[in-house]
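**Student:** The structure follows.
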Amino acid sequence: MKKIFGSLFLFISFWVNAQNYLPTDDGSKLHFVIKNLGINTGGDITGLKGKIVFDAKNAPKCFFDVTAAVKTIDTDNGKRDEHLRKEEYFDVATYPVIHLVSTKVEPGADLKHFIFKGNLTIKNITKPISFPFTAEGKSGGALFVGFFEINRIDFGVGKESFSLSNKIKVTLNAFAKAQ
């Protein structure tokens, strides 16, 4: 019975008040997919850190400032991972993180759906970005899930290539613990 009331309290508090959250690696990742020679190739980047302020009933008060550690890139191919860490692609020695910060959060159709508007910085190149995301209370925190596409050339990640697509599809799963 205590477990039921505890879960109910967590659910209600998630949707009632602005809450501070810290992203954790456990349950979080940035997953990307790119076509290489016409075949979908993907990988993950972890090392999420930052700060999230979230209030499902007051989207304008929400704020996201999150980074991911590019050195953690994992495509299930060690040689490819090392190649992507080099200067031509992510240059992790100079630019160790990808940075996503909100400028505005808009409400969606219900208290689970929202629109993120903000800036994405890769290799010290910042571009505006907007995408839908969902938020759900989970295990003493919240799970934020969004999907967007970017052009890797816009961020200086590699050069034009016959074999490698410019378009990257990204899914961001950020599990954040309540503070």
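Chain labels follow the order of the structure tokens: the first chain is A, the next B, and so on; residue numbering restarts at 1 in every chain, and ligands are counted from 1 in their shown order.
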According to DSSP computed on the backbone, where in segment 39-74 of chain A is there strand (DSSP E)? Give the residues as a PDB file with N, CA and C atoms, in the first residue's frame.
**Tutor:**
```
ATOM      1  N   ILE A  39      23.004   2.276 -46.570  1.00  0.00           N
ATOM      2  CA  ILE A  39      22.585   1.409 -45.461  1.00  0.00           C
ATOM      3  C   ILE A  39      22.548   2.236 -44.172  1.00  0.00           C
ATOM      4  N   ASN A  40      21.464   2.094 -43.410  1.00  0.00           N
ATOM      5  CA  ASN A  40      21.378   2.796 -42.129  1.00  0.00           C
ATOM      6  C   ASN A  40      22.446   2.283 -41.175  1.00  0.00           C
ATOM      7  N   THR A  41      23.250   3.210 -40.666  1.00  0.00           N
ATOM      8  CA  THR A  41      24.284   2.915 -39.692  1.00  0.00           C
ATOM      9  C   THR A  41      24.013   3.807 -38.489  1.00  0.00           C
ATOM     10  N   GLY A  42      24.127   3.266 -37.309  1.00  0.00           N
ATOM     11  CA  GLY A  42      23.804   4.071 -36.140  1.00  0.00           C
ATOM     12  C   GLY A  42      24.812   3.943 -35.038  1.00  0.00           C
ATOM     13  N   GLY A  43      24.555   4.703 -34.008  1.00  0.00           N
ATOM     14  CA  GLY A  43      25.408   4.669 -32.835  1.00  0.00           C
ATOM     15  C   GLY A  43      24.787   5.455 -31.708  1.00  0.00           C
ATOM     16  N   ASP A  44      25.482   5.451 -30.594  1.00  0.00           N
ATOM     17  CA  ASP A  44      25.008   6.126 -29.397  1.00  0.00           C
ATOM     18  C   ASP A  44      26.100   7.007 -28.819  1.00  0.00           C
ATOM     19  N   ILE A  45      25.662   8.083 -28.187  1.00  0.00           N
ATOM     20  CA  ILE A  45      26.547   8.950 -27.414  1.00  0.00           C
ATOM     21  C   ILE A  45      25.915   9.068 -26.035  1.00  0.00           C
ATOM     22  N   LYS A  49      24.923  15.220 -19.169  1.00  0.00           N
ATOM     23  CA  LYS A  49      25.032  16.042 -17.964  1.00  0.00           C
ATOM     24  C   LYS A  49      24.244  17.313 -18.201  1.00  0.00           C
ATOM     25  N   GLY A  50      23.952  18.015 -17.126  1.00  0.00           N
ATOM     26  CA  GLY A  50      23.298  19.299 -17.266  1.00  0.00           C
ATOM     27  C   GLY A  50      22.232  19.534 -16.234  1.00  0.00           C
ATOM     28  N   LYS A  51      21.288  20.378 -16.614  1.00  0.00           N
ATOM     29  CA  LYS A  51      20.223  20.769 -15.704  1.00  0.00           C
ATOM     30  C   LYS A  51      18.930  20.874 -16.498  1.00  0.00           C
ATOM     31  N   ILE A  52      17.865  20.383 -15.886  1.00  0.00           N
ATOM     32  CA  ILE A  52      16.540  20.480 -16.477  1.00  0.00           C
ATOM     33  C   ILE A  52      15.604  21.021 -15.401  1.00  0.00           C
ATOM     34  N   VAL A  53      14.825  22.030 -15.760  1.00  0.00           N
ATOM     35  CA  VAL A  53      13.743  22.517 -14.913  1.00  0.00           C
ATOM     36  C   VAL A  53      12.470  22.223 -15.694  1.00  0.00           C
ATOM     37  N   PHE A  54      11.571  21.459 -15.081  1.00  0.00           N
ATOM     38  CA  PHE A  54      10.394  21.022 -15.827  1.00  0.00           C
ATOM     39  C   PHE A  54       9.126  21.157 -15.010  1.00  0.00           C
ATOM     40  N   PHE A  63      13.085  24.590 -18.690  1.00  0.00           N
ATOM     41  CA  PHE A  63      14.404  24.946 -19.207  1.00  0.00           C
ATOM     42  C   PHE A  63      15.268  23.693 -19.284  1.00  0.00           C
ATOM     43  N   PHE A  64      15.988  23.552 -20.381  1.00  0.00           N
ATOM     44  CA  PHE A  64      16.895  22.427 -20.592  1.00  0.00           C
ATOM     45  C   PHE A  64      18.275  22.971 -20.944  1.00  0.00           C
ATOM     46  N   ASP A  65      19.293  22.447 -20.309  1.00  0.00           N
ATOM     47  CA  ASP A  65      20.682  22.769 -20.623  1.00  0.00           C
ATOM     48  C   ASP A  65      21.457  21.468 -20.426  1.00  0.00           C
ATOM     49  N   VAL A  66      21.665  20.747 -21.525  1.00  0.00           N
ATOM     50  CA  VAL A  66      22.192  19.382 -21.458  1.00  0.00           C
ATOM     51  C   VAL A  66      23.371  19.223 -22.418  1.00  0.00           C
ATOM     52  N   THR A  67      24.380  18.473 -21.979  1.00  0.00           N
ATOM     53  CA  THR A  67      25.509  18.131 -22.845  1.00  0.00           C
ATOM     54  C   THR A  67      25.645  16.614 -22.914  1.00  0.00           C
ATOM     55  N   ALA A  68      26.281  16.164 -23.993  1.00  0.00           N
ATOM     56  CA  ALA A  68      26.618  14.745 -24.159  1.00  0.00           C
ATOM     57  C   ALA A  68      28.096  14.671 -24.517  1.00  0.00           C
ATOM     58  N   ALA A  69      28.809  13.715 -23.939  1.00  0.00           N
ATOM     59  CA  ALA A  69      30.258  13.564 -24.135  1.00  0.00           C
ATOM     60  C   ALA A  69      30.531  12.801 -25.429  1.00  0.00           C
TER      61      ALA A  69
END
```
**Student:** When you look at Leu84 of chain A with a cut-off of 10 Å (counting only C-alpha atoms), what residues show up, excluding the ones that are within fewer than 2 positions of it in the same chain? I need them as a list in words.
**Tutor:**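 Near Leu84 of chain A, the qualifying residues are Val70, Lys71, Ile73, Asp74, Thr75, Gly78, Lys79, Arg80, Asp81, Glu82, Lys86, Glu87, Glu88, Tyr89, Phe90, Asp91, Val92, Val157 and Gly158 of chain A.
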**Student:** Create the file for the chosen residues now, containing C-alpha atoms and written as a PDB file, in the first residue's frame.
**Tutor:**
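Saved result, out_14.pdb, follows:
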```
ATOM      1  CA  VAL A  70      31.266  12.892 -27.749  1.00  0.00           C
ATOM      2  CA  LYS A  71      34.203  10.691 -26.690  1.00  0.00           C
ATOM      3  CA  ILE A  73      30.487   7.571 -29.263  1.00  0.00           C
ATOM      4  CA  ASP A  74      29.746   3.881 -29.847  1.00  0.00           C
ATOM      5  CA  THR A  75      28.818   2.489 -33.264  1.00  0.00           C
ATOM      6  CA  GLY A  78      35.967   0.512 -32.602  1.00  0.00           C
ATOM      7  CA  LYS A  79      37.888   1.677 -35.687  1.00  0.00           C
ATOM      8  CA  ARG A  80      34.928   3.723 -36.918  1.00  0.00           C
ATOM      9  CA  ASP A  81      34.470   5.198 -33.413  1.00  0.00           C
ATOM     10  CA  GLU A  82      38.118   6.322 -33.324  1.00  0.00           C
ATOM     11  CA  LYS A  86      39.219  12.659 -34.951  1.00  0.00           C
ATOM     12  CA  GLU A  87      39.412  16.248 -36.196  1.00  0.00           C
ATOM     13  CA  GLU A  88      37.642  15.572 -39.514  1.00  0.00           C
ATOM     14  CA  TYR A  89      34.434  14.568 -37.758  1.00  0.00           C
ATOM     15  CA  PHE A  90      33.821  15.461 -34.089  1.00  0.00           C
ATOM     16  CA  ASP A  91      37.342  16.526 -33.017  1.00  0.00           C
ATOM     17  CA  VAL A  92      36.710  15.422 -29.428  1.00  0.00           C
ATOM     18  CA  VAL A 157      31.073  17.046 -39.031  1.00  0.00           C
ATOM     19  CA  GLY A 158      32.872  15.573 -42.020  1.00  0.00           C
TER      20      GLY A 158
END
```
**Student:** From the set A:Ala176, A:Val170, A:Leu37, A:Val101, which residue has the shortest atom-to-atom contact distance to Ala135 of chain A, counting only C-alpha atoms?
**Tutor:**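 Among the listed residues, A:Ala176 lies closest to Ala135 of chain A.
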**Student:** I want to know what sits within 7 Å of Arg152 of chain A, based on only C-alpha atoms, with residues of the same chain fewer than 5 positions away left out; could you give that as a PyMOL selection string?
**Tutor:** chain A and resi 157+166-168
**Student:** Run DSSP on the backbone and tell me which residues of chain A come out as helix (DSSP H, G or I); list them as an MDAnalysis selection string.
**Tutor:** chainID A and resid 2:16 59:61 70:72 78:85 152:155
**Student:** How would the residues just picked look written out with C-alpha atoms as an mmCIF file, in the first residue's frame?
**Tutor:**
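Below you can see result-v1.cif, which holds the result:
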```cif
data_model
loop_
_atom_site.group_PDB
_atom_site.id
_atom_site.type_symbol
_atom_site.label_atom_id
_atom_site.label_comp_id
_atom_site.auth_asym_id
_atom_site.auth_seq_id
_atom_site.Cartn_x
_atom_site.Cartn_y
_atom_site.Cartn_z
ATOM 1 C CA LYS A 2 2.863 2.407 0.826
ATOM 2 C CA LYS A 3 4.375 1.643 -2.575
ATOM 3 C CA ILE A 4 1.126 2.552 -4.342
ATOM 4 C CA PHE A 5 0.777 5.858 -2.446
ATOM 5 C CA GLY A 6 4.457 6.647 -3.015
ATOM 6 C CA SER A 7 4.107 6.078 -6.755
ATOM 7 C CA LEU A 8 0.905 8.133 -6.841
ATOM 8 C CA PHE A 9 2.624 10.981 -4.959
ATOM 9 C CA LEU A 10 5.551 10.903 -7.405
ATOM 10 C CA PHE A 11 3.186 10.985 -10.389
ATOM 11 C CA ILE A 12 1.143 13.872 -8.967
ATOM 12 C CA SER A 13 4.201 15.908 -7.959
ATOM 13 C CA PHE A 14 5.687 15.416 -11.451
ATOM 14 C CA TRP A 15 2.675 17.115 -13.021
ATOM 15 C CA VAL A 16 1.996 19.806 -10.394
ATOM 16 C CA ALA A 59 5.803 24.929 -20.264
ATOM 17 C CA PRO A 60 7.197 28.508 -20.487
ATOM 18 C CA LYS A 61 8.949 27.931 -17.132
ATOM 19 C CA VAL A 70 31.266 12.892 -27.749
ATOM 20 C CA LYS A 71 34.203 10.691 -26.690
ATOM 21 C CA THR A 72 31.604 8.079 -25.662
ATOM 22 C CA GLY A 78 35.967 0.512 -32.602
ATOM 23 C CA LYS A 79 37.888 1.677 -35.687
ATOM 24 C CA ARG A 80 34.928 3.723 -36.918
ATOM 25 C CA ASP A 81 34.470 5.198 -33.413
ATOM 26 C CA GLU A 82 38.118 6.322 -33.324
ATOM 27 C CA HIS A 83 37.762 7.795 -36.816
ATOM 28 C CA LEU A 84 34.657 9.768 -35.761
ATOM 29 C CA ARG A 85 36.515 11.150 -32.716
ATOM 30 C CA ARG A 152 26.039 17.140 -40.340
ATOM 31 C CA ILE A 153 27.712 19.523 -42.811
ATOM 32 C CA ASP A 154 26.047 22.492 -41.065
ATOM 33 C CA PHE A 155 28.071 21.574 -37.959
#
```
**Student:** Name the closest residue to Asn151 of chain A among the candidates A:Lys35, A:Lys177, A:Lys57, A:Lys169; distances are taken between atoms, counting only C-alpha atoms.
**Tutor:**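 Result for the nearest residue to Asn151 of chain A: A:Lys169.
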**Student:** If you count only C-alpha atoms, which residues fall within 7 Å of Gly118 of chain A, apart from same-chain ones fewer than 5 positions away, as a CSV table (one decimal) with C-alpha atoms, in the first residue's frame?
**Tutor:**
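The resulting file, result.csv, is shown below:
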```csv
chain,number,residue,atom,x,y,z
A,101,VAL,CA,20.0,24.4,-24.6
A,102,SER,CA,16.4,25.6,-24.7
A,103,THR,CA,15.2,29.1,-25.5
A,104,LYS,CA,11.5,28.2,-25.2
A,128,PRO,CA,18.6,26.9,-33.9
A,129,ILE,CA,16.6,23.7,-33.5
A,130,SER,CA,13.0,22.8,-32.8
```
**Student:** Using only C-alpha atoms, pick whichever of A:Tyr21, A:Phe144, A:Tyr95, A:Phe175 has the shortest atom-to-atom distance to Asn124 of chain A.
**Tutor:**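 Result for the nearest residue to Asn124 of chain A: A:Tyr95.
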**Student:** When distances are computed from only C-alpha atoms, which of A:Leu143, A:Ala56, A:Ile150, A:Leu164 shows the smallest separation from Gly108 of chain A?
**Tutor:**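 The shortest atom-to-atom distance to Gly108 of chain A comes from A:Ala56.
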**Student:** Quick one: distance from atom CA of Asp55 of chain A to atom CA of Ile122 of chain A in Å, one decimal?
**Tutor:**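 Those two atoms sit 27.6 Å apart.
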